[in-house]
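In what follows, a single structure is set out as structure tokens and then discussed.
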Amino acid sequence: MAGIRSPIAVVVGHVDVGKTLLLDKIRGTAVAYREPGMITQHIGMSFVPWGAVERFAGPLVDRMRLRGRIWIPGFLFIDTPGHAAFSNLRRRGGSVADVAVLVVDVTSGLEEQGVESLNLIRARGVPFVIAANKLDRIYGWQSEENRPFLFAVERQDWHAVAQLDEQIGRLMDQLSRLGVEADRYDRVRDFAAQVPIVPTSAVTGEGVADLLLVLAGVSQRFVSRERLSVGDGPARGVVMEVKEERGLGTVVDAIVYDGVLRRGDTVVTAGLQGPVAAKVKALIVPKALDEMRDPEDRYKYVDEVRAAAGVRIVGEGLEGVVPGAPVVAVEGSVEEAMKAVGEEIAAVKIESDREGIVAKADTFGALESMALFLRQSNIPVRRADVGPPSHRDVVEAVLSRRRDPAYGAILAFNVKVPPEVEREAQSSGVKIIRGEVLYRVVDEYLRWAGELRAKALEAALSQLVRPGVIQLLPGYVFRRRDPAIVGVRVVKGTVKPGYTLVRQDGREVGRIQQIQSHGAPVQEAKVGDEVAVSIAGDVMVGRQIKEGDLLYVYVPEDHLKQWLLQYRQHLRGDEREALDEYAQIRKNWRK
């Protein structure tokens, strides 16, 4: 029998913006205060029933005339560490997350991991709400515990409201530059075109009621009933974390987004080596309004869980399972289920014969997000896989580098690099870029690749003779031969010592020995420069060349082809004119 499940709401943002504290206000717990450094170390999952939301936000529900109009049963909130950026919330065809809350410090605006979270939210097509947190830090703001923002803003001095609007305006500008139109939620007229910003305080609870109601509205408008419809079939879910628990062995914290998972079921999930099957010995859940990481009350052992739910799975054979892997309860053949899971994780891994970088990540979800970022940045990928860089990865990078030096790189997201692999990479000329903020890893690679390509281009261009045209200046013949020394003007292009000069009919004049400007030697002269040049060869001014003549830099045929077909865009405008003129007169030589 089908029913409607709770939307899965992921809470993301930069470290220390108050994500967990915000959820604490909703749950009425104090999880954050018992965490080391008050920074979320693990992924938390907690269910908040809609009835509890209505009790918390009652006056605002009545003011907004929402009582009885909300049909979702509540929210399953997922609280992630800053670096996780909900990348493990993956499912075939998109994200497990139905909606997202992007928490931003209203006094600081979007910060690094907030931008990364925003990019992932948009890339996955997840509707979202922005919580502009730390409202209590607005100068002059008069706070009251758990008061809705709409009530609070009516009771503030004008200067406090002006200060808040200024900060929200800055946030709107930041978002606009990133392609996101947003506004304070009570000013939004079209929720399909603008993202609502809800001012909140995780410390005082102000605005939390508004956030929950706006999130409910966004969920009901932009998440279809079809997506939220679940049946009584075998469970489908995703692994969020894998850990060792004393007395229980290896356990998996997972989100079930469809169907029913029962004690005694066989589930198929995946590790680095491929699909694995395990028998479910126990299912553990926190009570409603409690939290998986650090519950106020004891965990509940249950016989079954129904979507949407966060659950800890205890069973044999879960060793080596990787976060981001699918979890499928077996209904028929275990072999068929393992084949299906194998196909799903194979779709995440990217491997082809074409050239590109090597990508490594710690989880299937992170790898999928990484591949998404790389595609958006137009970075080709030769091989992508879960786990630390290996000898094979270095070999693949070396092979890629033969096609393009900038492809000789391994991007390692959130994984440690074994020392022996680091040494092998260094000796092989392979660049390893490691980091825990995805877009930083990608940005660092782009900078490195840009510098490498710029140096390679500079080296290639330095080997080519550049086109140029000079004119002998009348009255500036300093020596007629052995070598001829004359004053010239560079009409177009560039001339350098060592360049050979030819006449318009193709006859060679001689080679430039030296260029002088104001009595000092120079290494090149460009369009508009008037300089003295010495020309070595069997040439005499007045016989082979005359004052006022135009002379051309002789560009070897293979250099000419490279300029015309490969490097033309790297010439100045006057150099391109010189090149075209030279190519035209060269055709006449063959006639």
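In the structure tokens, chains take the letters A, B, ... in the order shown, each chain's residues start at 1, and ligands count up from 1 in the order shown.
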Quiz prompt | Residues near Ser428 of chain A, cut-off 10 Å, only C-alpha atoms, skip fewer than 6 positions along chain, as a list of chain:residue names | solution = A:Val394, A:Val395, A:Ala397, A:Val398, A:Gly408, A:Glu422
Write out the residues from the selection above, keeping all heavy atoms, as a short mmCIF file (atom, residue, chain, number, x, y, z; two decimals), in the first residue's frame.
data_model
loop_
_atom_site.label_atom_id
_atom_site.label_comp_id
_atom_site.auth_asym_id
_atom_site.auth_seq_id
_atom_site.Cartn_x
_atom_site.Cartn_y
_atom_site.Cartn_z
N VAL A 394 49.20 6.26 -11.28
CA VAL A 394 50.40 6.98 -11.75
C VAL A 394 50.71 6.57 -13.19
O VAL A 394 51.02 7.43 -14.03
CB VAL A 394 51.61 6.69 -10.83
CG1 VAL A 394 52.86 7.35 -11.39
CG2 VAL A 394 51.33 7.20 -9.41
N VAL A 395 50.61 5.27 -13.48
CA VAL A 395 50.86 4.80 -14.85
C VAL A 395 49.87 5.44 -15.82
O VAL A 395 50.26 5.89 -16.91
CB VAL A 395 50.76 3.26 -14.90
CG1 VAL A 395 50.81 2.77 -16.35
CG2 VAL A 395 51.88 2.62 -14.08
N ALA A 397 48.33 8.28 -15.50
CA ALA A 397 48.65 9.71 -15.63
C ALA A 397 49.86 9.90 -16.55
O ALA A 397 49.90 10.86 -17.33
CB ALA A 397 48.91 10.32 -14.26
N VAL A 398 50.85 9.02 -16.44
CA VAL A 398 52.02 9.11 -17.32
C VAL A 398 51.61 8.92 -18.77
O VAL A 398 52.06 9.65 -19.67
CB VAL A 398 53.08 8.04 -16.92
CG1 VAL A 398 54.17 7.95 -17.98
CG2 VAL A 398 53.69 8.39 -15.57
N GLY A 408 48.84 15.01 -17.07
CA GLY A 408 49.66 14.18 -16.19
C GLY A 408 49.42 14.52 -14.73
O GLY A 408 50.34 14.93 -14.02
N GLU A 422 53.32 8.71 -3.70
CA GLU A 422 53.81 10.09 -3.79
C GLU A 422 55.20 10.12 -4.42
O GLU A 422 55.48 10.93 -5.32
CB GLU A 422 53.85 10.71 -2.40
CG GLU A 422 54.18 12.19 -2.36
CD GLU A 422 52.95 13.06 -2.46
OE1 GLU A 422 52.04 12.94 -1.62
OE2 GLU A 422 52.93 13.88 -3.40
#
Quiz item: Within 9 Å of segment 449-453 of chain A, counting only C-alpha atoms, which residues qualify if same-chain residues fewer than 6 places away don't, as a ChimeraX atom specification?
Solution: /A:404-407
Quick one: contact table of segment 206-238 of chain A to segment 5-18 of chain A, 12 Å max, nearest atom pair and distance in Å to one decimal per residue, counting only C-alpha atoms, chain and number order, as a tab-separated table?
residue	atom	partner	partner_atom	distance
A:Leu211	CA	A:Val11	CA	11.9
A:Leu212	CA	A:Ala9	CA	10.7
A:Leu215	CA	A:Ala9	CA	8.7
A:Ala216	CA	A:Pro7	CA	8.9
A:Gly217	CA	A:Pro7	CA	11.5
A:Val218	CA	A:Pro7	CA	10.6
A:Ser219	CA	A:Pro7	CA	7.1
A:Gln220	CA	A:Pro7	CA	9.1
A:Arg221	CA	A:Pro7	CA	12.0
A:Phe222	CA	A:Pro7	CA	11.0
A:Val223	CA	A:Pro7	CA	8.1
A:Ser224	CA	A:Pro7	CA	10.1
A:Arg225	CA	A:Arg5	CA	9.2
A:Glu226	CA	A:Arg5	CA	10.3
A:Arg227	CA	A:Arg5	CA	9.0
A:Leu228	CA	A:Arg5	CA	5.4
A:Ser229	CA	A:Arg5	CA	6.3
A:Val230	CA	A:Arg5	CA	6.5
A:Gly231	CA	A:Arg5	CA	9.5
A:Asp232	CA	A:Arg5	CA	11.8
A:Gly237	CA	A:Ile8	CA	11.9
Practice problem: List every residue of segment 9-217 of chain A that DSSP, applied to the backbone, labels as strand (DSSP E or B), and write the result as a VMD selection string. | Solution: chain A and resid 9 to 13 44 to 49 74 to 79 90 to 91 94 to 95 99 to 105 109 128 to 133 182 to 184 195 to 199
Exercise. Write out as a PyMOL selection string each polymer residue whose atoms come within 9 Å of segment 47-58 of chain A, counting only C-alpha atoms; drop sequence neighbours fewer than 5 positions from it.
Key: chain A and resi 6+26-27+63+67+70-78+146-148+208-210+212-213+286-291+308-310
Self-check item: Selection near Glu547 of chain A, 10 Å with only C-alpha atoms, sequence-local residues under 3 positions removed, as a VMD selection string
Solution: chain A and resid 471 to 477 486 to 488 541 to 542 550
Quiz prompt | Residue nearest Ser201 of chain A - candidates A:Lys243, A:Arg507, A:Lys134, A:Arg440, atoms counted: only C-alpha atoms | solution = A:Lys134
Exercise. Would you mind listing what lies within 8 Å of Arg481 of chain A as a list in words, with only C-alpha atoms counted and same-chain residues fewer than 3 positions away left out?
Key: Ala484, Ile485, Ala536, Asp538, Val539, Met540 and Val541 of chain A
Self-check item: Test item: residues at most 9 Å from segment 334-347 of chain A, only C-alpha atoms, excluding those fewer than 4 positions along its chain, as a list in words
Solution: Arg91, Arg92, Thr266, Val267, Val268, Thr269, Ala270, Gly274, Pro275, Val276, Ala277, Ala325, Pro326, Val327, Val328, Ala329, Val330 and Phe364 of chain A
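The neighbours of Glu581 of chain A here are the residues that come within 10 Å of it, using only C-alpha atoms and leaving out any residue fewer than 4 positions away in the same chain; they are Pro467, Gly468, Val469, Lys492, Tyr552, Glu575, Arg576, Glu577, Ile585 and Arg586 of chain A.
Minimum atom-to-atom distance to Gly114 of chain A, evaluated using only C-alpha atoms, belongs to A:Val101 out of A:Val101, A:Arg466, A:Val522, A:Ile432.
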Practice problem: DSSP on the backbone, then: every residue of segment 350-506 of chain A marked alpha helix (DSSP H), written as a ChimeraX atom specification. | Solution: /A:364-376,391-403,419-428,438-462
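Among A:Met45, A:Ala278, A:Ala459, A:Val104, the residue with the shortest atom-to-atom distance to Glu319 of chain A, counting only C-alpha atoms, is A:Ala278.
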Exercise. Have a look at atom CA of Gly528 of chain A and atom CA of Ile470 of chain A and let me know their distance in Å, one decimal.
Key: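 Atom CA of Ile470 of chain A lies 9.6 Å from atom CA of Gly528 of chain A.
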Practice problem: Considering only C-alpha atoms, state which residue in the set A:Val465, A:Thr363, A:Asp186, A:Asp303 is at the smallest distance from Val495 of chain A. | Solution: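 Distance minimum relative to Val495 of chain A lands on A:Val465.
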Quiz item: In terms of the shortest atom-to-atom distance over only C-alpha atoms, which of A:Leu22, A:Val103, A:Val188, A:Leu261 is closest to Lys279 of chain A?
Solution: A:Leu261
